[in-house]
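Here is start19.csv, consisting of CSV, C-alpha atoms:
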```
chain,number,residue,atom,x,y,z
S,1,MET,CA,55.9,118.7,135.9
S,2,GLU,CA,52.9,117.5,134.1
S,3,ASP,CA,53.5,115.0,131.3
S,4,ALA,CA,57.2,114.8,132.3
S,5,GLY,CA,57.5,111.5,130.4
S,6,PHE,CA,56.6,113.0,127.1
S,7,ILE,CA,58.6,116.2,127.6
S,8,ILE,CA,61.8,114.7,129.0
S,9,GLY,CA,61.5,111.8,126.6
S,10,GLY,CA,61.3,114.2,123.7
S,11,TYR,CA,64.5,116.0,124.8
S,12,VAL,CA,66.3,112.7,125.4
S,13,LEU,CA,65.2,111.4,122.0
S,14,THR,CA,66.4,114.5,120.3
S,15,PHE,CA,69.8,114.4,122.0
S,16,VAL,CA,70.3,110.7,121.4
S,17,THR,CA,69.5,111.2,117.7
S,18,VAL,CA,71.8,114.1,117.1
S,19,SER,CA,74.6,112.5,119.3
S,20,PHE,CA,74.3,109.3,117.3
S,21,MET,CA,74.7,111.3,114.0
S,22,ALA,CA,77.6,113.2,115.4
S,23,TRP,CA,79.3,110.0,116.6
S,24,ARG,CA,78.9,108.3,113.3
S,25,VAL,CA,80.3,111.3,111.4
S,26,VAL,CA,83.3,111.5,113.7
S,27,LEU,CA,83.9,107.8,113.5
S,28,ALA,CA,83.7,107.8,109.7
S,29,GLY,CA,86.2,110.7,109.7
S,30,LYS,CA,88.6,108.9,111.8
S,31,ARG,CA,88.3,105.7,109.8
S,32,LEU,CA,88.7,107.3,106.4
S,33,GLY,CA,91.4,109.7,107.7
S,34,LYS,CA,93.7,106.8,108.3
S,35,SER,CA,93.7,106.0,104.6
S,36,VAL,CA,94.1,109.6,103.3
S,37,PRO,CA,97.5,111.3,103.4
S,38,PRO,CA,97.6,114.7,105.2
S,39,GLU,CA,98.3,116.6,101.9
S,40,ASP,CA,94.9,115.5,100.6
S,41,LYS,CA,93.1,116.8,103.6
S,42,TYR,CA,92.4,120.4,102.6
S,43,TRP,CA,91.5,121.3,106.2
S,44,ARG,CA,95.0,120.5,107.5
J,1,MET,CA,98.1,100.6,111.3
J,2,THR,CA,97.4,98.6,108.2
J,3,THR,CA,94.3,98.1,106.1
J,4,THR,CA,93.5,95.2,103.9
J,5,ASP,CA,94.5,97.2,100.9
J,6,PRO,CA,98.1,98.4,101.3
J,7,THR,CA,97.7,101.0,98.5
J,8,LEU,CA,95.1,102.7,100.6
J,9,THR,CA,97.1,102.7,103.8
J,10,HIS,CA,98.4,105.9,105.3
J,11,THR,CA,100.6,105.8,108.4
J,12,ASP,CA,98.6,106.5,111.5
J,13,THR,CA,100.4,108.8,113.9
J,14,GLY,CA,98.6,107.1,116.8
J,15,GLY,CA,96.3,108.4,119.5
J,16,ASP,CA,92.6,109.4,119.3
J,17,SER,CA,93.1,113.2,119.7
J,18,PRO,CA,91.9,115.3,116.9
J,19,ASP,CA,95.5,116.4,116.3
J,20,ASP,CA,96.7,112.9,115.4
J,21,GLY,CA,96.3,113.5,111.6
J,22,ALA,CA,93.3,111.2,111.3
J,23,GLY,CA,89.8,112.5,111.4
J,24,THR,CA,88.1,115.7,110.4
J,25,GLY,CA,88.6,117.8,113.5
J,26,THR,CA,90.5,121.1,113.6
J,27,ARG,CA,90.9,123.8,116.2
J,28,GLY,CA,87.8,125.6,114.7
J,29,THR,CA,85.5,122.6,114.9
J,30,ARG,CA,86.6,121.9,118.4
J,31,ILE,CA,85.6,125.4,119.5
J,32,ILE,CA,82.2,125.1,117.7
J,33,GLY,CA,81.7,121.6,119.3
J,34,ILE,CA,82.4,122.9,122.8
J,35,ALA,CA,80.1,125.9,122.1
J,36,THR,CA,77.4,123.5,120.9
J,37,ILE,CA,77.6,121.4,124.1
J,38,ILE,CA,77.4,124.5,126.3
J,39,ALA,CA,74.4,125.9,124.2
J,40,MET,CA,72.6,122.5,124.5
J,41,GLY,CA,73.1,122.6,128.3
J,42,TRP,CA,71.6,126.0,128.3
J,43,LEU,CA,68.7,124.7,126.2
J,44,VAL,CA,68.0,122.0,128.7
J,45,ALA,CA,68.2,124.4,131.6
J,46,PHE,CA,65.9,127.0,130.1
J,47,GLY,CA,63.7,124.7,128.2
J,48,LEU,CA,63.0,122.3,131.1
J,49,GLY,CA,63.7,124.5,134.0
J,50,PHE,CA,63.7,128.3,133.9
J,51,SER,CA,61.0,129.0,131.3
J,52,PRO,CA,57.4,129.3,132.6
J,53,GLU,CA,54.6,127.0,131.5
J,54,ASP,CA,52.2,128.4,128.9
J,55,ARG,CA,48.6,129.4,129.9
J,56,ASP,CA,47.0,127.2,127.2
J,57,GLN,CA,49.6,124.6,126.3
J,58,ARG,CA,50.8,124.2,129.9
J,59,GLU,CA,54.0,122.2,130.2
J,60,SER,CA,53.9,120.9,126.6
J,61,VAL,CA,55.2,124.3,125.4
J,62,ARG,CA,58.7,123.0,126.5
J,63,LEU,CA,58.8,120.7,123.5
J,64,LEU,CA,58.5,123.7,121.2
J,65,TYR,CA,62.0,124.9,122.2
J,66,VAL,CA,63.3,121.8,120.3
J,67,HIS,CA,60.5,121.5,117.7
J,68,VAL,CA,60.7,125.0,116.3
J,69,PRO,CA,64.5,125.4,116.1
J,70,THR,CA,65.0,122.0,114.4
J,71,ILE,CA,62.5,122.9,111.6
J,72,TRP,CA,64.1,126.4,111.2
J,73,ILE,CA,67.5,124.9,110.9
J,74,ALA,CA,66.2,122.3,108.5
J,75,TYR,CA,64.9,125.1,106.4
J,76,LEU,CA,68.3,126.7,106.5
J,77,ALA,CA,70.0,123.3,105.7
J,78,PHE,CA,67.8,122.8,102.6
J,79,THR,CA,68.4,126.4,101.5
J,80,VAL,CA,72.1,125.8,101.8
J,81,THR,CA,71.6,122.6,99.7
J,82,ALA,CA,69.8,124.5,97.0
J,83,ILE,CA,72.3,127.4,96.9
J,84,SER,CA,75.3,124.9,96.8
J,85,SER,CA,73.5,122.9,94.1
J,86,GLY,CA,73.0,126.1,92.1
J,87,MET,CA,76.7,127.0,92.5
J,88,TYR,CA,77.7,123.6,91.2
J,89,PHE,CA,75.1,123.4,88.4
J,90,PHE,CA,75.6,126.9,87.0
J,91,GLY,CA,79.2,127.5,88.1
J,92,LYS,CA,81.9,127.4,85.5
J,93,LYS,CA,84.3,125.4,87.6
J,94,LYS,CA,81.8,122.6,88.5
J,95,SER,CA,83.5,122.1,91.8
J,96,LEU,CA,82.5,119.0,93.6
J,97,GLY,CA,83.0,120.8,96.9
J,98,TRP,CA,79.6,122.5,96.3
J,99,ASP,CA,78.0,119.1,95.7
J,100,ARG,CA,79.4,117.7,98.9
J,101,LEU,CA,78.2,120.7,100.9
J,102,ALA,CA,74.8,120.3,99.3
J,103,GLY,CA,74.7,116.6,100.2
J,104,ALA,CA,76.0,117.1,103.8
J,105,SER,CA,73.5,119.9,104.4
J,106,ALA,CA,70.6,117.8,103.1
J,107,GLU,CA,71.5,114.8,105.3
J,108,ILE,CA,71.5,117.0,108.4
J,109,GLY,CA,68.4,118.8,107.4
J,110,THR,CA,66.6,115.5,106.9
J,111,VAL,CA,67.5,114.3,110.4
J,112,PHE,CA,66.3,117.6,111.8
J,113,VAL,CA,63.0,117.3,110.0
J,114,ALA,CA,62.7,113.8,111.4
J,115,VAL,CA,63.3,115.2,114.9
J,116,THR,CA,60.7,117.9,114.2
J,117,LEU,CA,58.1,115.4,113.2
J,118,VAL,CA,58.6,113.1,116.2
J,119,ILE,CA,58.7,116.0,118.7
J,120,GLY,CA,55.7,117.6,117.0
J,121,ALA,CA,53.8,114.3,117.3
J,122,MET,CA,54.5,114.2,121.0
J,123,TRP,CA,53.4,117.8,121.4
J,124,GLY,CA,50.3,117.0,119.4
J,125,ARG,CA,49.5,114.1,121.7
J,126,LEU,CA,49.6,116.4,124.7
J,127,THR,CA,47.9,119.4,123.1
J,128,TRP,CA,45.5,118.0,120.5
J,129,GLY,CA,45.1,114.5,122.0
J,130,VAL,CA,46.4,112.8,118.9
J,131,PHE,CA,49.9,112.0,117.6
J,132,TRP,CA,49.1,112.7,114.0
J,133,GLN,CA,46.5,114.5,111.8
J,134,TRP,CA,46.5,114.8,108.1
J,135,ASP,CA,46.7,118.5,108.6
J,136,ALA,CA,48.2,120.8,105.9
J,137,ARG,CA,51.3,121.7,108.0
J,138,LEU,CA,52.0,118.1,109.1
J,139,THR,CA,51.3,116.6,105.7
J,140,THR,CA,53.5,119.1,103.8
J,141,THR,CA,56.3,118.6,106.4
J,142,ALA,CA,56.1,114.8,105.9
J,143,LEU,CA,56.2,115.4,102.2
J,144,MET,CA,59.3,117.5,102.5
J,145,PHE,CA,60.9,114.7,104.6
J,146,VAL,CA,60.1,112.1,102.0
J,147,THR,CA,61.4,114.4,99.2
J,148,TYR,CA,64.8,114.8,100.9
J,149,ILE,CA,65.0,111.0,101.6
J,150,GLY,CA,64.6,110.7,97.8
J,151,TYR,CA,67.3,113.3,97.3
J,152,LEU,CA,69.7,111.3,99.5
J,153,ALA,CA,68.7,108.1,97.7
J,154,VAL,CA,69.5,109.7,94.3
J,155,ARG,CA,72.9,110.7,95.6
J,156,ARG,CA,73.6,107.0,96.3
J,157,LEU,CA,72.8,105.9,92.7
J,158,GLY,CA,75.8,104.7,90.7
J,159,GLY,CA,77.9,106.7,88.3
J,160,THR,CA,80.7,109.2,88.4
J,161,HIS,CA,80.9,112.0,91.0
J,162,ASP,CA,79.9,114.5,88.3
J,163,GLN,CA,76.8,112.5,87.4
J,164,ARG,CA,75.8,112.3,91.1
J,165,ALA,CA,76.4,116.0,91.4
J,166,ARG,CA,74.4,117.0,88.3
J,167,ARG,CA,71.3,114.9,89.1
J,168,SER,CA,71.2,115.7,92.8
J,169,ALA,CA,71.7,119.4,92.0
J,170,ILE,CA,68.6,119.5,90.0
J,171,ILE,CA,66.5,117.8,92.7
J,172,GLY,CA,68.1,120.1,95.4
J,173,MET,CA,67.1,123.2,93.5
J,174,ILE,CA,63.5,122.0,93.0
J,175,ALA,CA,63.0,120.5,96.4
J,176,VAL,CA,63.7,123.8,98.2
J,177,LEU,CA,60.4,125.1,96.8
J,178,GLU,CA,58.7,123.0,99.5
J,179,ILE,CA,59.9,125.3,102.2
J,180,PRO,CA,57.5,128.2,101.5
J,181,LEU,CA,54.8,125.6,101.0
J,182,VAL,CA,55.4,124.1,104.4
J,183,HIS,CA,55.8,127.5,106.1
J,184,TRP,CA,52.7,129.1,104.6
J,185,SER,CA,50.5,125.9,104.6
J,186,VAL,CA,48.8,127.1,107.8
J,187,ARG,CA,47.6,130.2,105.9
J,188,LEU,CA,46.9,128.6,102.6
J,189,TRP,CA,44.7,125.9,104.0
J,190,ARG,CA,42.5,125.5,107.1
J,191,SER,CA,44.9,124.0,109.6
J,192,LEU,CA,44.9,122.6,113.1
J,193,HIS,CA,48.5,123.7,113.5
J,194,GLN,CA,48.9,127.1,115.0
J,195,GLU,CA,50.2,130.0,112.9
J,196,ALA,CA,53.7,131.4,113.2
J,197,THR,CA,54.3,133.0,116.6
J,198,VAL,CA,57.7,134.6,115.8
J,199,LEU,CA,57.9,134.8,112.0
J,200,GLY,CA,54.4,135.9,111.3
J,201,THR,CA,53.3,138.4,108.7
J,202,ASP,CA,52.4,141.1,111.2
J,203,GLY,CA,56.0,141.1,112.6
J,204,ASP,CA,54.7,141.0,116.1
J,205,VAL,CA,56.2,138.5,118.6
J,206,SER,CA,53.5,137.4,121.0
J,207,MET,CA,55.6,135.5,123.5
J,208,ASP,CA,56.7,135.9,127.1
J,209,GLY,CA,60.3,137.2,127.4
J,210,LEU,CA,61.7,134.1,129.0
J,211,MET,CA,59.9,131.8,126.6
J,212,LEU,CA,61.3,133.8,123.7
J,213,PHE,CA,64.8,133.6,125.2
J,214,SER,CA,64.5,129.8,125.6
J,215,LEU,CA,63.5,129.6,121.9
J,216,PHE,CA,66.5,131.8,121.0
J,217,VAL,CA,68.8,129.5,123.0
J,218,GLY,CA,67.4,126.5,121.1
J,219,VAL,CA,68.0,128.3,117.7
J,220,ILE,CA,71.6,129.1,118.7
J,221,ALA,CA,72.2,125.5,120.0
J,222,PHE,CA,70.9,123.8,116.8
J,223,SER,CA,72.6,126.4,114.5
J,224,LEU,CA,75.9,125.5,116.1
J,225,LEU,CA,75.2,121.8,115.9
J,226,TYR,CA,74.3,122.2,112.2
J,227,LEU,CA,77.5,124.1,111.6
J,228,TRP,CA,79.7,121.5,113.4
J,229,LEU,CA,78.0,118.6,111.6
J,230,VAL,CA,78.1,120.1,108.1
J,231,ILE,CA,81.8,120.9,108.4
J,232,HIS,CA,82.6,117.4,109.5
J,233,ARG,CA,80.3,115.6,107.1
J,234,THR,CA,81.6,117.6,104.1
J,235,ARG,CA,85.2,116.6,105.0
J,236,VAL,CA,84.1,113.0,105.4
J,237,MET,CA,82.5,113.1,101.9
J,238,ALA,CA,85.7,114.6,100.5
J,239,MET,CA,87.7,111.7,101.8
J,240,GLU,CA,85.0,109.2,100.5
J,241,ASP,CA,85.3,110.7,97.0
J,242,LEU,CA,89.1,110.7,97.1
J,243,LEU,CA,89.2,107.0,98.2
J,244,ASP,CA,86.6,106.2,95.5
J,245,ASP,CA,88.8,107.8,92.9
J,246,ARG,CA,91.9,106.1,94.2
J,247,GLY,CA,90.1,102.8,94.4
J,248,LEU,CA,89.1,103.2,90.7
J,249,ASP,CA,92.7,104.1,89.7
J,250,ASP,CA,94.0,101.1,91.6
J,251,ALA,CA,91.5,98.8,90.0
J,252,LEU,CA,92.4,100.1,86.5
J,253,ALA,CA,96.1,99.7,87.3
J,254,ALA,CA,95.6,96.2,88.5
J,255,ARG,CA,93.6,95.4,85.4
J,256,ARG,CA,96.3,96.8,83.2
J,257,ALA,CA,98.9,94.7,85.1
J,258,GLU,CA,96.7,91.6,84.5
J,259,VAL,CA,96.4,92.4,80.8
J,260,VAL,CA,100.1,92.7,80.1
J,261,PRO,CA,101.2,89.3,81.5
J,262,ASN,CA,98.2,87.7,79.8
J,263,SER,CA,99.2,89.2,76.5
J,264,ASN,CA,102.8,88.0,77.0
J,265,GLN,CA,101.3,84.6,77.9
J,266,SER,CA,99.2,84.5,74.7
J,267,ASN,CA,102.2,85.5,72.6
J,268,SER,CA,104.1,82.7,74.2
J,269,ASN,CA,101.3,80.2,73.6
J,270,ARG,CA,101.1,81.4,70.0
J,271,ALA,CA,104.9,80.8,69.6
J,272,ASP,CA,104.6,77.3,71.2
J,273,SER,CA,101.8,76.5,68.8
J,274,ASN,CA,103.8,77.7,65.8
J,275,ARG,CA,106.7,75.6,67.0
J,276,ALA,CA,104.5,72.5,67.3
J,277,ASP,CA,103.1,73.1,63.8
J,278,SER,CA,106.7,73.4,62.6
J,279,TYR,CA,107.5,70.1,64.3
J,280,GLN,CA,104.6,68.4,62.6
J,281,ASP,CA,105.6,69.9,59.3
J,282,GLY,CA,109.1,68.6,59.9
J,283,THR,CA,110.6,72.0,59.3
J,284,VAL,CA,112.4,72.1,62.6
```

Just dump the structure as structure tokens.
Amino acid sequence: MEDAGFIIGGYVLTFVTVSFMAWRVVLAGKRLGKSVPPEDKYWR
Amino acid sequence: MTTTDPTLTHTDTGGDSPDDGAGTGTRGTRIIGIATIIAMGWLVAFGLGFSPEDRDQRESVRLLYVHVPTIWIAYLAFTVTAISSGMYFFGKKKSLGWDRLAGASAEIGTVFVAVTLVIGAMWGRLTWGVFWQWDARLTTTALMFVTYIGYLAVRRLGGTHDQRARRSAIIGMIAVLEIPLVHWSVRLWRSLHQEATVLGTDGDVSMDGLMLFSLFVGVIAFSLLYLWLVIHRTRVMAMEDLLDDRGLDDALAARRAEVVPNSNQSNSNRADSNRADSYQDGTV
């Protein structure tokens, strides 16, 4: 593949970025979830 | 588990599974999450493997299976922000749920625009020979990115949740007007950027079948990712708001508790002082 560095690098950068965002959101949810009683979690 | 503030502590049922009571996961979000991972796998397979190279762009066309879906989903995210902002601003109930949805959607949309800009710059380097040009499409997209960074900054200003919701709702409803500007910039001004291949005015899709399918897989993958992220982020924001409110209540309660003993103390001091005066007067 021509320019494989750019192309694969672009995909890697994208997946790293969105994975980092997803990880941060899940982590924040777990951290805050420990301080919030279940009855206040409307999704439960 | 304990936190530093015992009033904010809730018993942890233990474990890291989404069913442990902590976190924002549910059965629905797990299904969406698994579907997202599968769709992303398909995107890699079709984007980097099965789809053919383009006659003119050669292999760099593979970057467009990420570049195009991320900006489309960013458009969707900002439209959701505008609609949610409108629902909050003009709605009778003034539900903060709409505000949180608007904020969560804008955050995700902003990250997607950042991905679009970076991937677009890499594609530009391969196709045009430069990472960046002050071209109409690129400039308006960068302007949109900066606008939503501003929107997110405004959300972090001080004040009550309602104040945050009101001012960010106004910006959310105005900022969405940039979407048609970005999308039609290639027609409004002379642009280096190519015109729309799929969502053009003529309604004709001038793409190879497998390329179009790869693009379609990208759109599905990033749509699922957006849905998963917006659900989780909205729930996180709901907990942040709740803990903010509870923290304020606790602070007020603590302040009241401080004031009552102090007032008792000052009454006691006053009584001691009166007693001392009485001693000096020789009345006691």

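In this structure, CA of Leu188 in chain J sits 16.6 Å away from CA of Met144 in chain J.
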
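Taking CA of Arg30 in chain J as the reference point, CA of Arg24 in chain S is found at 16.4 Å.
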
Please identify every residue of chain S that has at least one atom no farther than 7 Å from an atom of chain J, counting all atoms listed in the file, and for each give the shortest atom pair and the distance in Å to one decimal, arranged by chain then increasing number, as a tab-separated table.
```
residue	atom	partner	partner_atom	distance
S:Met1	CA	J:Glu59	CA	7.0
S:Glu2	CA	J:Glu59	CA	6.2
S:Phe6	CA	J:Met122	CA	6.6
S:Ile7	CA	J:Leu63	CA	6.1
S:Gly10	CA	J:Ile119	CA	5.9
S:Thr14	CA	J:Val115	CA	6.3
S:Ala22	CA	J:Leu229	CA	6.6
S:Val25	CA	J:Arg233	CA	6.1
S:Val26	CA	J:Gly23	CA	7.0
S:Ala28	CA	J:Val236	CA	6.8
S:Gly29	CA	J:Gly23	CA	4.4
S:Lys30	CA	J:Gly23	CA	3.8
S:Leu32	CA	J:Met239	CA	6.4
S:Gly33	CA	J:Ala22	CA	4.3
S:Lys34	CA	J:Ala22	CA	5.3
S:Ser35	CA	J:His10	CA	4.8
S:Val36	CA	J:His10	CA	6.0
S:Pro37	CA	J:His10	CA	5.8
S:Pro38	CA	J:Gly21	CA	6.6
```

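Our summary of the geometry notes that CA of Val259 in chain J is positioned 24.6 Å from CA of Gly159 in chain J.
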